[in-house]
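Below is structure_2.cif, holding mmCIF, C-alpha atoms, pLDDT in the B column; chains and numbers go by the auth columns.
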data_structure
loop_
_atom_site.group_PDB
_atom_site.id
_atom_site.type_symbol
_atom_site.label_atom_id
_atom_site.label_comp_id
_atom_site.label_asym_id
_atom_site.label_seq_id
_atom_site.Cartn_x
_atom_site.Cartn_y
_atom_site.Cartn_z
_atom_site.B_iso_or_equiv
_atom_site.auth_seq_id
_atom_site.auth_asym_id
ATOM 1 C CA MET A 1 46.466 -94.551 -56.103 32.00 28 A
ATOM 2 C CA GLU A 2 46.722 -92.030 -53.282 38.00 29 A
ATOM 3 C CA LEU A 3 44.659 -92.266 -50.117 42.00 30 A
ATOM 4 C CA ASN A 4 44.281 -89.131 -48.041 44.00 31 A
ATOM 5 C CA ILE A 5 43.199 -89.710 -44.467 47.00 32 A
ATOM 6 C CA GLU A 6 40.457 -87.191 -43.796 46.00 33 A
ATOM 7 C CA ASN A 7 37.000 -86.999 -42.175 43.00 34 A
ATOM 8 C CA GLY A 8 38.460 -85.867 -38.838 42.00 35 A
ATOM 9 C CA THR A 9 39.316 -89.380 -37.673 48.00 36 A
ATOM 10 C CA ALA A 10 42.829 -89.584 -36.235 52.00 37 A
ATOM 11 C CA ARG A 11 44.238 -92.768 -37.758 73.00 38 A
ATOM 12 C CA GLU A 12 46.837 -94.334 -35.518 77.00 39 A
ATOM 13 C CA VAL A 13 49.325 -96.957 -36.586 80.00 40 A
ATOM 14 C CA ILE A 14 51.736 -98.939 -34.445 78.00 41 A
ATOM 15 C CA CYS A 15 55.318 -99.576 -35.532 82.00 42 A
ATOM 16 C CA LYS A 16 56.009 -103.286 -36.124 78.00 43 A
ATOM 17 C CA ARG A 17 59.486 -103.152 -37.774 78.00 44 A
ATOM 18 C CA VAL A 18 62.430 -100.834 -37.231 84.00 45 A
ATOM 19 C CA GLU A 19 64.810 -102.189 -39.872 82.00 46 A
ATOM 20 C CA ASN A 20 66.399 -99.709 -42.270 80.00 47 A
ATOM 21 C CA GLY A 21 67.183 -100.283 -45.946 80.00 48 A
ATOM 22 C CA ASN A 22 65.604 -100.363 -49.400 78.00 49 A
ATOM 23 C CA TYR A 23 62.445 -102.100 -48.181 77.00 50 A
ATOM 24 C CA PHE A 24 62.274 -100.234 -44.861 80.00 51 A
ATOM 25 C CA PRO A 25 62.997 -96.573 -45.594 86.00 52 A
ATOM 26 C CA ASN A 26 63.716 -94.361 -42.583 89.00 53 A
ATOM 27 C CA GLY A 27 63.333 -97.310 -40.208 87.00 54 A
ATOM 28 C CA ASN A 28 65.956 -95.771 -37.932 90.00 55 A
ATOM 29 C CA LEU A 29 63.553 -92.907 -37.090 93.00 56 A
ATOM 30 C CA VAL A 30 60.759 -94.984 -35.554 91.00 57 A
ATOM 31 C CA GLN A 31 60.487 -97.142 -32.428 89.00 58 A
ATOM 32 C CA LYS A 32 58.951 -100.609 -32.381 85.00 59 A
ATOM 33 C CA GLY A 33 55.671 -100.661 -30.454 82.00 60 A
ATOM 34 C CA LYS A 34 55.223 -96.882 -30.559 86.00 61 A
ATOM 35 C CA LYS A 35 52.065 -95.329 -32.029 85.00 62 A
ATOM 36 C CA TYR A 36 52.199 -92.774 -34.848 88.00 63 A
ATOM 37 C CA HIS A 37 49.592 -90.777 -36.780 85.00 64 A
ATOM 38 C CA LEU A 38 48.878 -91.713 -40.393 83.00 65 A
ATOM 39 C CA VAL A 39 48.558 -88.743 -42.760 82.00 66 A
ATOM 40 C CA LYS A 40 48.621 -90.286 -46.237 80.00 67 A
ATOM 41 C CA MET A 41 49.244 -93.541 -48.092 76.00 68 A
ATOM 42 C CA GLU A 42 50.312 -93.992 -51.718 77.00 69 A
ATOM 43 C CA VAL A 43 49.463 -97.432 -53.090 69.00 70 A
ATOM 44 C CA HIS A 44 51.696 -98.656 -55.932 72.00 71 A
ATOM 45 C CA PRO A 45 51.721 -102.077 -57.653 68.00 72 A
ATOM 46 C CA TRP A 46 54.633 -103.454 -55.589 70.00 73 A
ATOM 47 C CA TYR A 47 54.745 -101.266 -52.479 74.00 74 A
ATOM 48 C CA THR A 48 52.824 -98.750 -50.415 77.00 75 A
ATOM 49 C CA ASN A 49 54.315 -95.505 -49.122 83.00 76 A
ATOM 50 C CA VAL A 50 53.190 -94.361 -45.673 85.00 77 A
ATOM 51 C CA TYR A 51 53.423 -90.769 -44.475 88.00 78 A
ATOM 52 C CA LEU A 52 53.309 -89.926 -40.773 90.00 79 A
ATOM 53 C CA LYS A 53 52.371 -86.685 -39.038 90.00 80 A
ATOM 54 C CA GLU A 54 55.467 -86.984 -36.827 93.00 81 A
ATOM 55 C CA PHE A 55 57.855 -87.042 -39.833 94.00 82 A
ATOM 56 C CA PRO A 56 56.286 -84.783 -42.501 89.00 83 A
ATOM 57 C CA ASP A 57 59.195 -84.982 -44.973 91.00 84 A
ATOM 58 C CA LYS A 58 59.877 -88.740 -44.680 93.00 85 A
ATOM 59 C CA VAL A 59 58.357 -91.789 -46.344 91.00 86 A
ATOM 60 C CA PHE A 60 57.952 -95.244 -44.788 89.00 87 A
ATOM 61 C CA ASN A 61 56.865 -98.647 -46.091 84.00 88 A
ATOM 62 C CA SER A 62 53.480 -100.061 -45.095 78.00 89 A
ATOM 63 C CA VAL A 63 55.035 -103.273 -43.730 77.00 90 A
ATOM 64 C CA GLN A 64 56.672 -101.214 -40.992 79.00 91 A
ATOM 65 C CA PHE A 65 53.276 -100.352 -39.460 77.00 92 A
ATOM 66 C CA ALA A 66 49.965 -101.909 -38.513 71.00 93 A
ATOM 67 C CA GLU A 67 46.630 -100.193 -38.051 66.00 94 A
ATOM 68 C CA CYS A 68 45.648 -99.486 -34.471 64.00 95 A
ATOM 69 C CA PHE A 69 42.084 -98.784 -33.339 56.00 96 A
ATOM 70 C CA LYS A 70 41.341 -97.284 -29.938 53.00 97 A
ATOM 71 C CA THR A 71 37.777 -98.437 -29.383 55.00 98 A
ATOM 72 C CA GLU A 72 35.150 -100.700 -30.842 53.00 99 A
ATOM 73 C CA ALA A 73 32.956 -97.631 -31.511 54.00 100 A
ATOM 74 C CA GLU A 74 35.683 -96.205 -33.772 54.00 101 A
ATOM 75 C CA VAL A 75 35.779 -99.503 -35.670 52.00 102 A
ATOM 76 C CA LYS A 76 31.972 -99.557 -36.045 50.00 103 A
ATOM 77 C CA GLY A 77 32.170 -96.067 -37.582 50.00 104 A
ATOM 78 C CA LEU A 78 34.596 -97.409 -40.165 47.00 105 A
ATOM 79 C CA ILE A 79 32.316 -100.357 -40.958 44.00 106 A
ATOM 80 C CA LYS A 80 29.687 -97.895 -42.165 41.00 107 A
ATOM 81 C CA ASN A 81 32.210 -95.875 -44.202 42.00 108 A
ATOM 82 C CA ASN A 82 34.501 -98.595 -45.547 40.00 109 A
ATOM 83 C CA GLY A 83 36.098 -98.497 -48.979 41.00 110 A
ATOM 84 C CA ARG A 84 36.558 -101.246 -51.551 39.00 111 A
ATOM 85 C CA GLU A 85 40.195 -102.119 -50.793 47.00 112 A
ATOM 86 C CA ARG A 86 39.590 -103.599 -47.355 56.00 113 A
ATOM 87 C CA LYS A 87 36.206 -103.984 -45.724 73.00 114 A
ATOM 88 C CA ILE A 88 35.548 -104.375 -42.024 73.00 115 A
ATOM 89 C CA VAL A 89 33.036 -107.182 -41.729 77.00 116 A
ATOM 90 C CA ALA A 90 32.554 -107.553 -37.970 80.00 117 A
ATOM 91 C CA THR A 91 33.840 -106.923 -34.481 83.00 118 A
ATOM 92 C CA PHE A 92 33.703 -109.559 -31.761 86.00 119 A
ATOM 93 C CA SER A 93 35.115 -110.579 -28.385 86.00 120 A
ATOM 94 C CA GLU A 94 37.083 -113.701 -27.477 86.00 121 A
ATOM 95 C CA ASN A 95 33.876 -115.119 -25.952 87.00 122 A
ATOM 96 C CA ASN A 96 31.876 -114.669 -29.159 87.00 123 A
ATOM 97 C CA ILE A 97 34.192 -115.809 -31.981 88.00 124 A
ATOM 98 C CA PRO A 98 32.211 -116.220 -35.231 87.00 125 A
ATOM 99 C CA GLN A 99 32.219 -118.645 -38.096 89.00 126 A
ATOM 100 C CA ILE A 100 33.231 -117.053 -41.375 88.00 127 A
ATOM 101 C CA VAL A 101 31.567 -117.991 -44.635 86.00 128 A
ATOM 102 C CA ILE A 102 33.884 -117.688 -47.616 83.00 129 A
ATOM 103 C CA SER A 103 31.870 -119.649 -50.170 78.00 130 A
ATOM 104 C CA GLU A 104 28.902 -122.024 -50.179 77.00 131 A
ATOM 105 C CA SER A 105 31.276 -124.901 -49.536 79.00 132 A
ATOM 106 C CA THR A 106 33.738 -123.190 -47.165 85.00 133 A
ATOM 107 C CA ILE A 107 32.733 -122.261 -43.636 87.00 134 A
ATOM 108 C CA ILE A 108 35.527 -121.788 -41.112 89.00 135 A
ATOM 109 C CA ASP A 109 34.759 -122.065 -37.407 90.00 136 A
ATOM 110 C CA LEU A 110 37.172 -119.520 -35.946 90.00 137 A
ATOM 111 C CA SER A 111 36.402 -120.720 -32.402 89.00 138 A
ATOM 112 C CA ARG A 112 38.679 -123.686 -33.220 91.00 139 A
ATOM 113 C CA HIS A 113 41.491 -121.125 -33.385 92.00 140 A
ATOM 114 C CA LYS A 114 40.474 -119.313 -30.190 91.00 141 A
ATOM 115 C CA GLU A 115 43.848 -119.783 -28.476 91.00 142 A
ATOM 116 C CA GLU A 116 45.775 -118.401 -31.480 91.00 143 A
ATOM 117 C CA ILE A 117 43.407 -115.439 -31.747 90.00 144 A
ATOM 118 C CA LYS A 118 43.669 -114.702 -28.008 89.00 145 A
ATOM 119 C CA LEU A 119 47.470 -114.488 -28.360 88.00 146 A
ATOM 120 C CA LEU A 120 47.282 -111.734 -31.002 85.00 147 A
ATOM 121 C CA GLU A 121 49.195 -108.595 -30.103 79.00 148 A
ATOM 122 C CA ILE A 122 47.945 -105.209 -31.286 73.00 149 A
ATOM 123 C CA GLY A 123 49.211 -104.796 -34.841 70.00 150 A
ATOM 124 C CA ASP A 124 49.469 -108.548 -35.510 74.00 151 A
ATOM 125 C CA ALA A 125 47.063 -110.393 -37.785 79.00 152 A
ATOM 126 C CA PHE A 126 45.458 -113.838 -37.877 86.00 153 A
ATOM 127 C CA THR A 127 45.184 -114.539 -41.613 84.00 154 A
ATOM 128 C CA VAL A 128 42.976 -116.765 -43.752 88.00 155 A
ATOM 129 C CA GLY A 129 43.924 -117.253 -47.399 85.00 156 A
ATOM 130 C CA ARG A 130 45.916 -119.073 -50.089 85.00 157 A
ATOM 131 C CA ASN A 131 49.301 -117.880 -48.790 82.00 158 A
ATOM 132 C CA THR A 132 51.216 -120.783 -47.332 83.00 159 A
ATOM 133 C CA ASP A 133 52.081 -118.715 -44.251 81.00 160 A
ATOM 134 C CA SER A 134 48.397 -118.014 -43.459 85.00 161 A
ATOM 135 C CA ASN A 135 47.045 -119.242 -40.133 88.00 162 A
ATOM 136 C CA VAL A 136 44.223 -120.974 -42.041 91.00 163 A
ATOM 137 C CA ILE A 137 45.285 -122.037 -45.556 88.00 164 A
ATOM 138 C CA LEU A 138 42.639 -122.209 -48.299 87.00 165 A
ATOM 139 C CA VAL A 139 43.425 -124.546 -51.185 85.00 166 A
ATOM 140 C CA ASN A 140 41.417 -123.292 -54.185 74.00 167 A
ATOM 141 C CA ASP A 141 43.182 -120.825 -56.503 68.00 168 A
ATOM 142 C CA THR A 142 40.027 -119.805 -58.363 72.00 169 A
ATOM 143 C CA ILE A 143 37.831 -118.675 -55.446 77.00 170 A
ATOM 144 C CA TYR A 144 40.100 -117.523 -52.645 82.00 171 A
ATOM 145 C CA SER A 145 42.485 -114.578 -52.380 81.00 172 A
ATOM 146 C CA ARG A 146 46.088 -114.821 -51.170 79.00 173 A
ATOM 147 C CA ILE A 147 44.932 -113.024 -48.031 79.00 174 A
ATOM 148 C CA HIS A 148 41.188 -113.576 -48.103 84.00 175 A
ATOM 149 C CA CYS A 149 40.546 -112.030 -44.698 84.00 176 A
ATOM 150 C CA TYR A 150 42.312 -111.349 -41.453 83.00 177 A
ATOM 151 C CA ILE A 151 41.640 -110.590 -37.814 86.00 178 A
ATOM 152 C CA GLY A 152 43.271 -107.764 -35.872 82.00 179 A
ATOM 153 C CA LYS A 153 42.987 -106.791 -32.209 82.00 180 A
ATOM 154 C CA THR A 154 41.926 -103.380 -30.882 79.00 181 A
ATOM 155 C CA THR A 155 43.551 -101.701 -27.885 74.00 182 A
ATOM 156 C CA THR A 156 40.395 -102.463 -25.864 77.00 183 A
ATOM 157 C CA GLY A 157 40.748 -106.212 -26.456 81.00 184 A
ATOM 158 C CA LYS A 158 38.030 -106.537 -29.112 83.00 185 A
ATOM 159 C CA TYR A 159 38.766 -108.170 -32.473 87.00 186 A
ATOM 160 C CA VAL A 160 38.083 -106.907 -35.997 83.00 187 A
ATOM 161 C CA LEU A 161 37.520 -109.109 -39.059 85.00 188 A
ATOM 162 C CA TYR A 162 38.690 -107.509 -42.341 82.00 189 A
ATOM 163 C CA ASP A 163 37.655 -108.793 -45.768 82.00 190 A
ATOM 164 C CA CYS A 164 40.439 -108.418 -48.358 77.00 191 A
ATOM 165 C CA SER A 165 38.854 -110.586 -51.059 79.00 192 A
ATOM 166 C CA LEU A 166 37.027 -109.877 -54.289 76.00 193 A
ATOM 167 C CA ASN A 167 34.314 -112.482 -53.645 77.00 194 A
ATOM 168 C CA GLY A 168 33.459 -111.491 -50.088 78.00 195 A
ATOM 169 C CA THR A 169 33.652 -112.831 -46.549 83.00 196 A
ATOM 170 C CA TYR A 170 30.585 -113.181 -44.368 80.00 197 A
ATOM 171 C CA VAL A 171 30.032 -113.837 -40.678 82.00 198 A
ATOM 172 C CA SER A 172 27.745 -116.357 -38.995 75.00 199 A
ATOM 173 C CA LEU A 173 27.500 -115.910 -35.198 57.00 200 A
#

In structure tokens, write the structure found in this file.
Amino acid sequence: MELNIENGTAREVICKRVENGNYFPNGNLVQKGKKYHLVKMEVHPWYTNVYLKEFPDKVFNSVQFAECFKTEAEVKGLIKNNGRERKIVATFSENNIPQIVISESTIIDLSRHKEEIKLLEIGDAFTVGRNTDSNVILVNDTIYSRIHCYIGKTTTGKYVLYDCSLNGTYVSL
């Protein structure tokens, strides 16, 4: 599946890894912590190719970059126009951390993880899911996704909750 970044929105990503090799193609060209402009992504079963405006003839791996939003208003625009692969559920501040509802029997009070969330750097993620390296581990293989949802931080200090599941993630403030 190919995703073309259009609609006039400049999509910025921040470099998280600079390693070079089979899993990190062209890693020697980018600088950790620097922002780049996303042009196109190709999603394959085992990897995702990332194309940057700064390097038109080069391909990168998606694990080398993280999405970077400038303002909460930009994020709210994406909430209205989100696709099926990853849905933006909510934005919030560190003073208004929500509960997330994953199923009738699973409600997670994210305010219990306030200190971990406050320490997020731009491009990092606070994850909730079945993966054993998730910040909050869910223990039911039939309902929950490996990465059910995650929280990222905007450059203005606001937080964004992304739903990556098939069954949905809801917010209760």

### Message
Could you check the closest approach to A:Glu39 for each of A:Thr181, A:Asp160, A:Ile134, A:Val166 and tell me which residue wins, using all atoms listed in the file?
### Response
A:Thr181

### Query
Rounded to one decimal in Å, what is the spacing between atom CA of A:Asn88 and atom CA of A:Gly184?
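Distance between the two atoms: 26.5 Å.
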
Excluding same-chain residues fewer than 3 positions from A:Lys141, what lies within 10 Å of it counting all atoms listed in the file, as an mmCIF file with C-alpha atoms, in the coordinates of the input?
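So selection33.cif came out as:
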data_model
loop_
_atom_site.group_PDB
_atom_site.id
_atom_site.type_symbol
_atom_site.label_atom_id
_atom_site.label_comp_id
_atom_site.auth_asym_id
_atom_site.auth_seq_id
_atom_site.Cartn_x
_atom_site.Cartn_y
_atom_site.Cartn_z
ATOM 1 C CA GLU A 121 37.083 -113.701 -27.477
ATOM 2 C CA ASN A 122 33.876 -115.119 -25.952
ATOM 3 C CA ASN A 123 31.876 -114.669 -29.159
ATOM 4 C CA ILE A 124 34.192 -115.809 -31.981
ATOM 5 C CA ASP A 136 34.759 -122.065 -37.407
ATOM 6 C CA LEU A 137 37.172 -119.520 -35.946
ATOM 7 C CA SER A 138 36.402 -120.720 -32.402
ATOM 8 C CA ILE A 144 43.407 -115.439 -31.747
ATOM 9 C CA LYS A 145 43.669 -114.702 -28.008
ATOM 10 C CA LEU A 146 47.470 -114.488 -28.360
#

### Between atom CA of A:Val187 and atom CA of A:Glu46 - distance in Å to one decimal
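Separation between atom CA of A:Glu46 and atom CA of A:Val187: 27.4 Å.
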
### Task
Rank nothing, just name the residue among A:Asn55, A:Val116, A:Ser89, A:Lys43 nearest to A:Lys67, using only C-alpha atoms.
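Checking each of A:Asn55, A:Val116, A:Ser89, A:Lys43 against A:Lys67, counting only C-alpha atoms, the winner is A:Ser89.
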
### Message
Just checking: using all atoms listed in the file, which residue out of A:Glu69, A:Cys42, A:Gly195, A:Thr182 ends up closest to A:Ile149?
### Response
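Between A:Glu69, A:Cys42, A:Gly195, A:Thr182, the residue approaching A:Ile149 most closely is A:Thr182.
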
### Message
Just the number, please: distance in Å from atom CA of A:Glu142 to atom CA of A:Cys176, one decimal.
### Response
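Pair atom CA of A:Glu142 / atom CA of A:Cys176 returns 18.3 Å.
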